[in-house]
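Asks: I'm passing along target.txt; it holds compact mmCIF, C-alpha atoms.
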```
# COMPACT_ATOMS: atom_id res chain seq x y z
CA MET A 1278 133.76 49.57 115.00
CA THR A 1279 136.82 48.40 113.16
CA PHE A 1280 137.00 47.32 109.55
CA GLY A 1281 139.45 45.13 107.71
CA LEU A 1282 140.63 45.16 104.12
CA GLY A 1283 137.90 43.98 101.79
CA ASP A 1284 134.99 44.49 104.19
CA ARG A 1285 131.78 45.58 102.47
CA VAL A 1286 130.61 48.96 103.83
CA ARG A 1287 127.70 51.38 103.60
CA TRP A 1288 128.47 55.10 103.59
CA ALA A 1289 125.63 57.54 104.32
CA THR A 1290 126.65 61.01 103.18
CA MET A 1291 125.30 64.11 101.44
CA GLY A 1292 125.36 64.40 97.68
CA ASP A 1293 126.57 67.45 95.78
CA ASP A 1294 122.93 68.54 95.54
CA GLY A 1295 122.53 68.56 99.35
CA PHE A 1296 120.32 65.48 99.46
CA PRO A 1297 121.18 62.37 101.50
CA LEU A 1298 123.09 59.76 99.54
CA VAL A 1299 124.00 56.16 100.39
CA ARG A 1300 127.00 54.60 98.68
CA TYR A 1301 128.47 51.12 98.88
CA GLY A 1302 131.99 49.86 98.52
CA PHE A 1303 134.84 47.87 100.00
CA VAL A 1304 137.48 48.88 102.51
CA GLY A 1305 140.72 49.48 100.64
CA GLY A 1306 142.77 50.65 103.61
CA VAL A 1307 142.53 51.86 107.20
CA ALA A 1308 144.78 54.63 108.58
CA GLY A 1309 144.48 53.44 112.17
CA GLU A 1310 142.11 52.32 114.90
CA ARG A 1311 140.14 55.57 114.62
CA GLY A 1312 140.29 55.88 110.84
CA PRO A 1313 139.91 57.40 108.38
CA VAL A 1314 139.12 54.57 105.98
CA MET A 1315 139.86 54.36 102.27
CA VAL A 1316 136.68 53.09 100.60
CA MET A 1317 136.75 51.73 97.08
CA LEU A 1318 133.26 52.74 95.96
CA ASP A 1319 131.22 50.63 93.57
CA ASP A 1320 131.52 51.70 89.93
CA GLU A 1321 134.44 54.07 90.60
CA LEU A 1322 138.11 53.63 89.83
CA SER A 1323 139.44 55.78 92.66
CA GLY A 1324 138.87 55.53 96.39
CA GLU A 1325 137.34 57.97 98.84
CA VAL A 1326 138.70 58.78 102.30
CA VAL A 1327 135.81 58.47 104.77
CA ASP A 1328 135.59 59.07 108.51
CA LEU A 1329 135.10 55.85 110.42
CA ASP A 1330 131.90 57.07 112.12
CA GLN A 1331 130.19 57.50 108.73
CA LEU A 1332 130.52 53.81 107.82
CA LYS A 1333 128.44 50.77 108.67
CA PRO A 1334 129.10 47.17 107.74
CA VAL A 1335 126.77 45.88 105.03
CA ALA A 1336 124.27 43.35 106.33
CA ILE A 1337 120.58 42.62 105.84
CA THR A 1338 119.82 44.61 109.00
CA THR A 1339 121.89 47.68 108.04
CA VAL A 1340 120.21 48.34 104.69
CA GLU A 1341 117.68 50.99 105.65
CA LEU A 1342 115.70 53.47 103.59
CA HIS A 1343 114.59 56.88 104.91
CA LEU A 1344 111.86 58.24 102.66
CA ASP A 1345 109.96 61.50 103.01
CA GLY A 1346 106.19 61.25 102.84
CA PRO A 1347 103.85 59.85 105.47
CA ASP A 1348 101.48 58.81 102.67
CA LEU A 1349 103.98 56.03 101.84
CA ILE A 1350 102.91 54.23 104.99
CA ASP A 1351 99.31 55.49 105.18
CA GLU A 1352 98.21 54.43 101.67
CA PRO A 1353 97.98 50.62 101.16
CA ASP A 1354 99.01 50.76 97.48
CA LEU A 1355 102.09 52.84 98.25
CA ARG A 1356 102.95 50.74 101.31
CA ARG A 1357 102.87 47.61 99.14
CA GLY A 1358 105.61 49.07 96.92
CA LEU A 1359 108.02 49.74 99.80
CA VAL A 1360 109.18 46.11 99.76
CA TYR A 1361 110.42 46.52 96.19
CA LEU A 1362 112.31 49.70 97.08
CA TRP A 1363 114.00 47.88 99.95
CA GLN A 1364 114.82 44.93 97.66
CA ALA A 1365 116.43 47.25 95.13
CA GLU A 1366 118.56 48.82 97.86
CA ALA A 1367 119.59 45.38 99.16
CA GLU A 1368 120.59 44.39 95.64
CA GLN A 1369 122.62 47.57 95.23
CA ALA A 1370 124.32 46.78 98.55
CA GLY A 1371 125.35 43.41 97.12
CA LEU A 1372 123.30 41.31 99.51
CA ASP A 1373 122.12 37.81 98.71
CA VAL A 1374 118.42 37.47 99.54
CA ASP A 1375 117.21 33.93 99.01
CA THR A 1376 113.42 34.32 99.15
CA VAL A 1377 110.95 37.15 99.65
CA GLU A 1378 107.30 36.59 100.55
CA CYS A 1379 105.33 39.83 100.26
CA LEU A 1380 102.46 40.34 102.68
CA GLY A 1381 100.29 42.44 100.36
CA SER A 1382 99.72 45.87 101.85
CA GLY A 1383 101.24 44.67 105.12
CA GLN A 1384 100.17 43.74 108.60
CA LEU A 1385 99.84 46.43 111.25
CA LEU A 1386 101.86 45.59 114.36
CA PRO A 1387 101.14 46.71 117.95
CA ASP A 1388 103.94 49.33 117.79
CA LEU A 1389 102.16 50.94 114.76
CA SER A 1390 104.80 49.69 112.33
CA TRP A 1391 103.92 47.54 109.33
CA SER A 1392 105.24 44.10 108.54
CA LEU A 1393 105.60 44.10 104.74
CA ALA A 1394 107.44 40.90 103.82
CA ALA A 1395 109.18 37.84 105.19
CA LEU A 1396 112.55 36.93 103.70
CA THR A 1397 115.39 34.50 104.12
CA SER A 1398 119.08 35.14 103.67
CA GLY A 1399 121.93 32.88 104.67
CA GLY A 1400 119.51 30.45 106.30
CA ARG A 1401 118.08 33.13 108.62
CA ARG A 1402 114.58 34.60 108.54
CA TYR A 1403 113.85 38.32 108.55
CA VAL A 1404 110.86 40.61 108.29
CA VAL A 1405 110.85 43.84 106.26
CA ARG A 1406 109.16 46.54 108.31
CA ALA A 1407 108.02 50.10 107.64
CA MET A 1408 107.60 52.63 110.44
CA ARG A 1409 107.56 56.34 111.04
CA ASP A 1410 110.80 57.89 112.25
CA ARG A 1411 110.30 58.86 115.91
CA ALA A 1412 112.36 62.02 115.45
CA ASN A 1413 110.50 63.08 112.28
CA PRO A 1414 107.06 61.49 111.70
CA ASP A 1415 107.06 62.67 108.06
CA VAL A 1416 109.91 60.23 107.34
CA VAL A 1417 109.23 56.54 106.78
CA LEU A 1418 111.93 53.99 107.65
CA ILE A 1419 112.07 50.65 105.85
CA ARG A 1420 114.42 47.97 107.12
CA ALA A 1421 114.76 44.25 107.72
CA GLU A 1422 114.93 42.79 111.21
CA GLN A 1423 115.83 39.24 112.14
CA LEU A 1424 112.98 37.09 113.35
CA LEU A 1425 113.78 35.64 116.74
CA VAL A 1426 112.27 32.20 117.01
```
Starting from the coordinates I provided, produce the structure as structure tokens.

Replies:
Amino acid sequence: MTFGLGDRVRWATMGDDGFPLVRYGFVGGVAGERGPVMVMLDDELSGEVVDLDQLKPVAITTVELHLDGPDLIDEPDLRRGLVYLWQAEAEQAGLDVDTVECLGSGQLLPDLSWSLAALTSGGRRYVVRAMRDRANPDVVLIRAEQLLV
């Protein structure tokens, strides 16, 4: 993937405390086709040099939460709140979500994931889904996927 100046990016890294951390910013410079990339992080005056393979473009479908705790998907009351966590992350990423229609505690899908909300952004329709991570079933993934009509 190549990035240009001003592209909005998502950087998944580790914080000083050893926990996963997601940061957002804009591309301020690219050293070459293989990087590294200078990222001007939100709310910081200086930039950070980041390896190209650690960056993703910011889009509705790239904002993804990885949360520990299978009870988040097993308990209806907790599952209902996952939409709001995803919305907060999308807002932090700087995304424009036009409408969100929550589906209560969700609808179980045949692949054992949960459809939690329908949303529109940029004239396109998406569904916010929660599912267990295949590699680690104790981790719940929450992300939006485009509805194909």

Asks: Compare A:Val1304, A:Pro1347, A:Ser1390, A:Leu1298 by their minimum atom-to-atom distance to Gly1283 in chain A, counting all atoms listed in the file, and give me the closest one.

Replies: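 Nearest candidate to Gly1283 in chain A out of A:Val1304, A:Pro1347, A:Ser1390, A:Leu1298: A:Val1304.
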
Asks: Using all atoms listed in the file, what table do you get, as a Markdown table, when you list each residue of range 1314-1385 of chain A with an atom no more than 6 Å from range 1414-1422 of chain A, its nearest pair of atoms, and their distance in Å rounded to one decimal, rows by chain then rising number?

Replies:
```
| residue | atom | partner | partner_atom | distance |
| --- | --- | --- | --- | --- |
| A:Thr1338 | CA | A:Ala1421 | CA | 5.2 |
| A:Glu1341 | CA | A:Arg1420 | CA | 4.7 |
| A:Leu1342 | CA | A:Ile1419 | CA | 5.1 |
| A:His1343 | CA | A:Leu1418 | CA | 4.8 |
| A:Leu1344 | CA | A:Val1417 | CA | 5.2 |
| A:Asp1345 | CA | A:Val1416 | CA | 4.5 |
| A:Gly1346 | CA | A:Asp1415 | CA | 5.5 |
| A:Pro1347 | CA | A:Asp1415 | CA | 5.0 |
```

Asks: Extract, using all atoms listed in the file, all DNA, RNA and protein residues at most 7 Å from Gln1331 in chain A, discarding same-chain residues fewer than 2 positions from it, and format them as an MDAnalysis selection string.

Replies: chainID A and resid 1288:1289 1327:1329 1333

Asks: Using all atoms listed in the file, which residue out of A:Leu1385, A:Met1291, A:Val1299, A:Ile1350 lies closest to Ala1367 in chain A?

Replies: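 So, comparing all the options, the nearest one is A:Val1299.
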
Asks: Could you name the residues that touch Gly1281 in chain A at 10 Å or less, counting all atoms listed in the file, but leaving out those on the same chain fewer than 6 positions away, as an MDAnalysis selection string?

Replies: chainID A and resid 1303:1307 1314

Asks: A:Arg1287, A:Arg1406, A:Arg1300, A:Arg1356: which is nearest Val1335 in chain A, counting all atoms listed in the file?

Replies: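 Checking each candidate against Val1335 in chain A, we get A:Arg1287 as the closest.
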
Asks: Give the answer as one residue: which of A:Asp1373, A:Glu1378, A:Asp1284, A:Glu1368 has the shortest atom-to-atom distance to Met1317 in chain A, using all atoms listed in the file?

Replies: A:Asp1284

Asks: Rounded to one decimal, what separation in Å do you get between CA of Asp1351 in chain A and CA of Arg1411 in chain A?

Replies: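 So the two atoms, CA of Asp1351 in chain A and CA of Arg1411 in chain A, lie 15.7 Å apart.
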
Asks: Rounded to one decimal, what separation in Å do you get between CA of Leu1372 in chain A and CA of Ala1336 in chain A?

Replies: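 Distance reported for this atom pair: 7.2 Å.
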
Asks: Between A:Leu1424, A:Ala1370, A:Ala1407, A:Ala1412, which is the closest to Asp1348 in chain A once you count all atoms listed in the file?

Replies: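 That would be A:Ala1407, the residue with the smallest distance to Asp1348 in chain A.
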
Asks: Hey, can you check how far CA of Thr1339 in chain A sits from CA of Leu1425 in chain A?

Replies: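 Interatomic distance here is 16.9 Å.
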
Asks: Residues within 12 Å of (101.0, 41.7, 107.9), file coordinates, counting only C-alpha atoms: what are they? Give the list as a list of chain:residue names.

Replies: A:Pro1353, A:Arg1356, A:Arg1357, A:Glu1378, A:Cys1379, A:Leu1380, A:Gly1381, A:Ser1382, A:Gly1383, A:Gln1384, A:Leu1385, A:Leu1386, A:Pro1387, A:Leu1389, A:Ser1390, A:Trp1391, A:Ser1392, A:Leu1393, A:Ala1394, A:Ala1395, A:Val1404, A:Val1405, A:Arg1406, A:Ala1407

Asks: Nearest residue to Ser1398 in chain A out of A:Asp1410, A:Pro1313, A:Val1377, A:Asp1330, using only C-alpha atoms?

Replies: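 Ranking A:Asp1410, A:Pro1313, A:Val1377, A:Asp1330 by distance to Ser1398 in chain A, first place goes to A:Val1377.
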